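Student: Questions regarding the structure given below will be posed in turn.
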Amino acid sequence: MHSHGHSHANDDEKHEHPVASRKQMLWAVLLTGSFMLIEVAGGLISGSLALLADAGHMLTDTAALLLAFYAIILSSKPADNKRTFGYGRLQVLAAYTNGILLIILTGWILWESIQRFYQPNPIQSITMLVVAILGLLVNLIVFKILHSASTSNINVRSALLHVIGDLLGSVGAIIAALIIWQWGILWVDPLLSVIVSMLILRSAFHIIKDSSHILLEGKPLEMDSDQIRQDLMALQGVEDIHHIHLWSISEQEPLMTFHAVVGDAYDKDLMIDKMLDLLQKKHGVTHATIQAESENCKGVLNPVGCEEQAFGKSPN
């Protein structure tokens with residue numbers, strides 16, 4: 001006989017978001033978008049590529065934060081007949097898209113920087129310095145708003161990377177403005193733009209890599225399938241664990257399916273309960289589907305006498 005059991009974490013828990021949540025993200029959007037307009041004006045007046053590059057980055061940031069904000073709203077929608085796992089993966093898709101946007105933006109900044117090395121423009125260093133300092137303050141505020149949620153949410157982390165890029169851009173613009181003001185070295189402006197771009201590019205690569213791993217149904221990076229198998233096998237009555245599959249909807253929603261061979265002397269319903277409890281408490285698996293098999297049916301596909309009985313269980 002085969003038996004199936006599955007468990008879902010409480011739906012309210014699945015749709016919680018560490019950013020408290022939409023309100024804070026909306027504030028980040030408004031602050032970033034408003035200052036982007038100021039920085040465009042400052043870059044045009046001062047003639048600074050570092051400021052214009054940072055303004056272009058902030059424009060992308062505003063779009064990225066809007067995308068992240070929209071993903072948070074949609075991902076809180078409950079599962080339906082069309083999306084049976086819900087909409088949580090929209091946040092991962094938003095993170096992937098933001099990573100691509102960061103790479104495109106970096107390419108534009110690098111191209112403009114190369115042009116400036118050959119054709120340096122006169123720069124009003126005082127205007128550049130004032131705008132860069134204001135930009136640093138705005139970015140610090142936005143960074144503080146988003147930082148608390150960034151460790152557990154790849155969508156917010158990708159948005160935060162845009163903000164960190166802006167922080168670096170503002171610091172670079174301040175340094176460039178001071179050097180130009182004191183010594184008139186114009187090439188430092190595009191040079192610092194290149195350095196900031198390289199830092200942004202590295203971060204974008206990691207965001208694309210992590211989000212791609214989730215989109216390709218990769219195993220949650222912090223989970224060890226061998227260790228999980230050992231823990232399940234340690235339960236008395238569990239003879240074998242095989243056909244293990246681990247993946248996730250988002251970083252906070254790991255899922256798992258596997259087959260468990262249960263000793264004939266043990267109640268399969270009770271063993272499924274024990275396995276689900278272990279997975280939830282020790283490994284944080286919020287959704288597990290288990291197919292329990294008898295010892296004499298191990299490795300046999302629909303043998304005579306091993307008819308399948310399906311049922312669902314939800315301890316929560």
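The chains in the structure tokens are called A, B, ... from first to last as shown; in each chain the residues are counted from 1, and the ligands are counted from 1 in the order shown.
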Using DSSP assignments from the backbone, pull out every residue in stretch 34-245 of chain A that falls under strand (DSSP E or B) and give it to me as a list in words.
Tutor: Val238, Glu239, Asp240, Ile241, His242, His243, Ile244 and His245 of chain A
Student: Against stretch 84-107 of chain A, which residues of stretch 162-192 of chain A fall within 12 Å? For each one I want the closest pair of atoms and the distance in Å (one decimal), counting only C-alpha atoms, rows by chain and increasing residue number, as a Markdown table.
Tutor:
```
| residue | atom | partner | partner_atom | distance |
| --- | --- | --- | --- | --- |
| A:His162 | CA | A:Leu102 | CA | 7.5 |
| A:Val163 | CA | A:Leu102 | CA | 11.1 |
| A:Ile164 | CA | A:Leu102 | CA | 11.7 |
| A:Gly165 | CA | A:Leu102 | CA | 9.2 |
| A:Asp166 | CA | A:Leu102 | CA | 11.4 |
| A:Gly169 | CA | A:Thr106 | CA | 11.7 |
```
Student: According to DSSP computed on the backbone, where in stretch 52-242 of chain A is there helix (DSSP H, G or I)? Give the residues as a ChimeraX atom specification.
Tutor: /A:52-75,90-118,125-147,154-183,188-215,225-233
Student: Quick check, in Å to one decimal: how far apart do atom CA of A:Asp231 and atom CA of A:Gln280 lie?
Tutor: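 Interatomic distance, atom CA of A:Asp231 to atom CA of A:Gln280: 12.3 Å.
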Student: Counting only C-alpha atoms, which residues of stretch 88-182 of chain A sit at most 12 Å from some atom of stretch 27-35 of chain A, and what is each one's closest atom pair with its distance in Å to one decimal, listed by chain and rising residue number, as a Markdown table?
Tutor:
```
| residue | atom | partner | partner_atom | distance |
| --- | --- | --- | --- | --- |
| A:Val131 | CA | A:Phe35 | CA | 9.4 |
| A:Ala132 | CA | A:Phe35 | CA | 10.6 |
| A:Ile133 | CA | A:Phe35 | CA | 11.7 |
| A:Leu134 | CA | A:Phe35 | CA | 8.5 |
| A:Gly135 | CA | A:Phe35 | CA | 7.0 |
| A:Leu136 | CA | A:Phe35 | CA | 10.4 |
| A:Leu137 | CA | A:Phe35 | CA | 10.4 |
| A:Val138 | CA | A:Leu31 | CA | 6.9 |
| A:Asn139 | CA | A:Thr32 | CA | 7.5 |
| A:Leu140 | CA | A:Ala28 | CA | 10.6 |
| A:Ile141 | CA | A:Ala28 | CA | 8.3 |
| A:Val142 | CA | A:Ala28 | CA | 5.3 |
| A:Phe143 | CA | A:Ala28 | CA | 8.4 |
| A:Lys144 | CA | A:Ala28 | CA | 9.6 |
| A:Ile145 | CA | A:Ala28 | CA | 7.1 |
| A:Leu146 | CA | A:Ala28 | CA | 7.8 |
| A:His147 | CA | A:Ala28 | CA | 11.3 |
| A:Val156 | CA | A:Ala28 | CA | 11.2 |
| A:Ala159 | CA | A:Ala28 | CA | 9.8 |
| A:Leu160 | CA | A:Ala28 | CA | 9.9 |
| A:His162 | CA | A:Thr32 | CA | 10.4 |
| A:Val163 | CA | A:Thr32 | CA | 8.6 |
| A:Asp166 | CA | A:Thr32 | CA | 9.6 |
| A:Leu167 | CA | A:Thr32 | CA | 11.5 |
| A:Ser170 | CA | A:Phe35 | CA | 11.9 |
```
Student: From the set A:Lys23, A:His259, A:His213, A:Lys274, which residue has the shortest atom-to-atom contact distance to A:Gly237, counting only C-alpha atoms?
Tutor: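 Checking each candidate against A:Gly237, we get A:Lys274 as the closest.
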Student: Between atom CA of A:Leu215 and atom CA of A:Leu110, what is the distance, to one decimal in Å?
Tutor: 29.5 Å
Student: Looking at A:Ser76, A:Asn121, A:Ser248, A:Ser225, which one is nearest to A:Ile180, with distances taken over only C-alpha atoms?
Tutor: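 Of A:Ser76, A:Asn121, A:Ser248, A:Ser225, the one nearest A:Ile180 is A:Asn121, counting only C-alpha atoms.
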Student: So what do you get for atom CA of A:Lys282 versus atom CA of A:Pro254, distance-wise?
Tutor: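 Taking atom CA of A:Lys282 as the start and atom CA of A:Pro254 as the end point, the length is 12.9 Å.
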Student: Counting only C-alpha atoms, figure out which residue out of A:Met25, A:Ala41, A:Ile241, A:Met36 gets nearest to A:Ala71.
Tutor: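 Of A:Met25, A:Ala41, A:Ile241, A:Met36, the one nearest A:Ala71 is A:Met25, counting only C-alpha atoms.
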Student: Using only C-alpha atoms, determine which residues lie at most 12 Å from A:Arg229, disregarding the query and same-chain residues fewer than 6 positions distant; provide the list as a PDB file with N, CA and C atoms, in the first residue's frame.
Tutor:
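Output file around-v3.pdb follows:
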```
ATOM      1  N   MET A 223      19.769  24.367   2.799  1.00  0.00           N
ATOM      2  CA  MET A 223      19.264  23.045   3.170  1.00  0.00           C
ATOM      3  C   MET A 223      20.175  21.937   2.649  1.00  0.00           C
ATOM      4  N   LEU A 235      14.135   8.127  12.508  1.00  0.00           N
ATOM      5  CA  LEU A 235      12.841   7.834  13.138  1.00  0.00           C
ATOM      6  C   LEU A 235      12.606   6.326  13.118  1.00  0.00           C
ATOM      7  N   VAL A 238      10.986   4.043  10.072  1.00  0.00           N
ATOM      8  CA  VAL A 238      11.330   4.482   8.710  1.00  0.00           C
ATOM      9  C   VAL A 238      12.489   3.635   8.210  1.00  0.00           C
ATOM     10  N   GLU A 239      12.251   2.856   7.168  1.00  0.00           N
ATOM     11  CA  GLU A 239      13.262   1.936   6.647  1.00  0.00           C
ATOM     12  C   GLU A 239      14.106   2.556   5.542  1.00  0.00           C
ATOM     13  N   ASP A 240      13.519   3.458   4.766  1.00  0.00           N
ATOM     14  CA  ASP A 240      14.271   4.056   3.663  1.00  0.00           C
ATOM     15  C   ASP A 240      13.586   5.346   3.212  1.00  0.00           C
ATOM     16  N   ILE A 241      14.396   6.291   2.731  1.00  0.00           N
ATOM     17  CA  ILE A 241      13.899   7.545   2.152  1.00  0.00           C
ATOM     18  C   ILE A 241      14.535   7.681   0.774  1.00  0.00           C
ATOM     19  N   HIS A 242      13.712   7.875  -0.251  1.00  0.00           N
ATOM     20  CA  HIS A 242      14.258   8.020  -1.603  1.00  0.00           C
ATOM     21  C   HIS A 242      13.372   8.965  -2.427  1.00  0.00           C
ATOM     22  N   HIS A 243      13.799   9.208  -3.666  1.00  0.00           N
ATOM     23  CA  HIS A 243      13.107  10.143  -4.565  1.00  0.00           C
ATOM     24  C   HIS A 243      12.885  11.503  -3.892  1.00  0.00           C
ATOM     25  N   ILE A 244      13.934  12.026  -3.276  1.00  0.00           N
ATOM     26  CA  ILE A 244      13.840  13.314  -2.577  1.00  0.00           C
ATOM     27  C   ILE A 244      13.926  14.468  -3.578  1.00  0.00           C
ATOM     28  N   HIS A 245      13.011  15.415  -3.459  1.00  0.00           N
ATOM     29  CA  HIS A 245      13.050  16.644  -4.261  1.00  0.00           C
ATOM     30  C   HIS A 245      12.836  17.839  -3.335  1.00  0.00           C
ATOM     31  N   LEU A 246      13.751  18.785  -3.415  1.00  0.00           N
ATOM     32  CA  LEU A 246      13.678  20.015  -2.623  1.00  0.00           C
ATOM     33  C   LEU A 246      13.706  21.213  -3.562  1.00  0.00           C
ATOM     34  N   MET A 256       9.059  20.274  -0.355  1.00  0.00           N
ATOM     35  CA  MET A 256       9.746  18.994  -0.429  1.00  0.00           C
ATOM     36  C   MET A 256       8.778  17.875  -0.771  1.00  0.00           C
ATOM     37  N   THR A 257       9.234  16.913  -1.574  1.00  0.00           N
ATOM     38  CA  THR A 257       8.490  15.669  -1.806  1.00  0.00           C
ATOM     39  C   THR A 257       9.478  14.514  -1.691  1.00  0.00           C
ATOM     40  N   PHE A 258       9.009  13.359  -1.214  1.00  0.00           N
ATOM     41  CA  PHE A 258       9.866  12.178  -1.155  1.00  0.00           C
ATOM     42  C   PHE A 258       9.022  10.936  -0.894  1.00  0.00           C
ATOM     43  N   HIS A 259       9.637   9.779  -1.107  1.00  0.00           N
ATOM     44  CA  HIS A 259       9.017   8.500  -0.797  1.00  0.00           C
ATOM     45  C   HIS A 259       9.646   7.967   0.487  1.00  0.00           C
ATOM     46  N   ALA A 260       8.839   7.405   1.369  1.00  0.00           N
ATOM     47  CA  ALA A 260       9.332   6.833   2.616  1.00  0.00           C
ATOM     48  C   ALA A 260       8.856   5.389   2.735  1.00  0.00           C
ATOM     49  N   MET A 275       7.006  12.428  10.538  1.00  0.00           N
ATOM     50  CA  MET A 275       7.933  12.986   9.542  1.00  0.00           C
ATOM     51  C   MET A 275       7.622  14.447   9.236  1.00  0.00           C
ATOM     52  N   LEU A 278       8.823  16.584  12.148  1.00  0.00           N
ATOM     53  CA  LEU A 278      10.281  16.752  12.144  1.00  0.00           C
ATOM     54  C   LEU A 278      10.713  17.764  11.087  1.00  0.00           C
ATOM     55  N   LEU A 279      10.137  17.661   9.896  1.00  0.00           N
ATOM     56  CA  LEU A 279      10.510  18.568   8.805  1.00  0.00           C
ATOM     57  C   LEU A 279      10.196  20.017   9.139  1.00  0.00           C
ATOM     58  N   HIS A 283      13.732  21.593  10.185  1.00  0.00           N
ATOM     59  CA  HIS A 283      14.278  22.079   8.916  1.00  0.00           C
ATOM     60  C   HIS A 283      13.471  23.227   8.300  1.00  0.00           C
TER      61      HIS A 283
END
```
Student: Taking a cut-off of 12 Å and counting only C-alpha atoms, can you build a table that, for each residue of stretch 221-286 of chain A near stretch 203-211 of chain A, reports the nearest atom pair and how far apart they are in Å (one decimal), sorted by chain then residue number, as a tab-separated table?
Tutor:
```
residue	atom	partner	partner_atom	distance
A:Leu221	CA	A:Asp210	CA	9.0
A:Ser248	CA	A:Ser211	CA	10.9
A:Ile249	CA	A:Ser211	CA	10.7
A:Ser250	CA	A:Ser211	CA	8.9
A:Glu251	CA	A:Ser211	CA	9.2
```
Student: For C-alpha atoms, I'd like the residues from the last selection saved as a short mmCIF file (atom, residue, chain, number, x, y, z; two decimals), in the first residue's frame.
Tutor:
```
data_model
loop_
_atom_site.label_atom_id
_atom_site.label_comp_id
_atom_site.auth_asym_id
_atom_site.auth_seq_id
_atom_site.Cartn_x
_atom_site.Cartn_y
_atom_site.Cartn_z
CA LEU A 221 20.98 26.79 -0.57
CA SER A 248 11.23 26.68 -3.14
CA ILE A 249 8.60 29.17 -4.24
CA SER A 250 10.57 32.01 -2.68
CA GLU A 251 13.40 32.19 -0.18
#
```
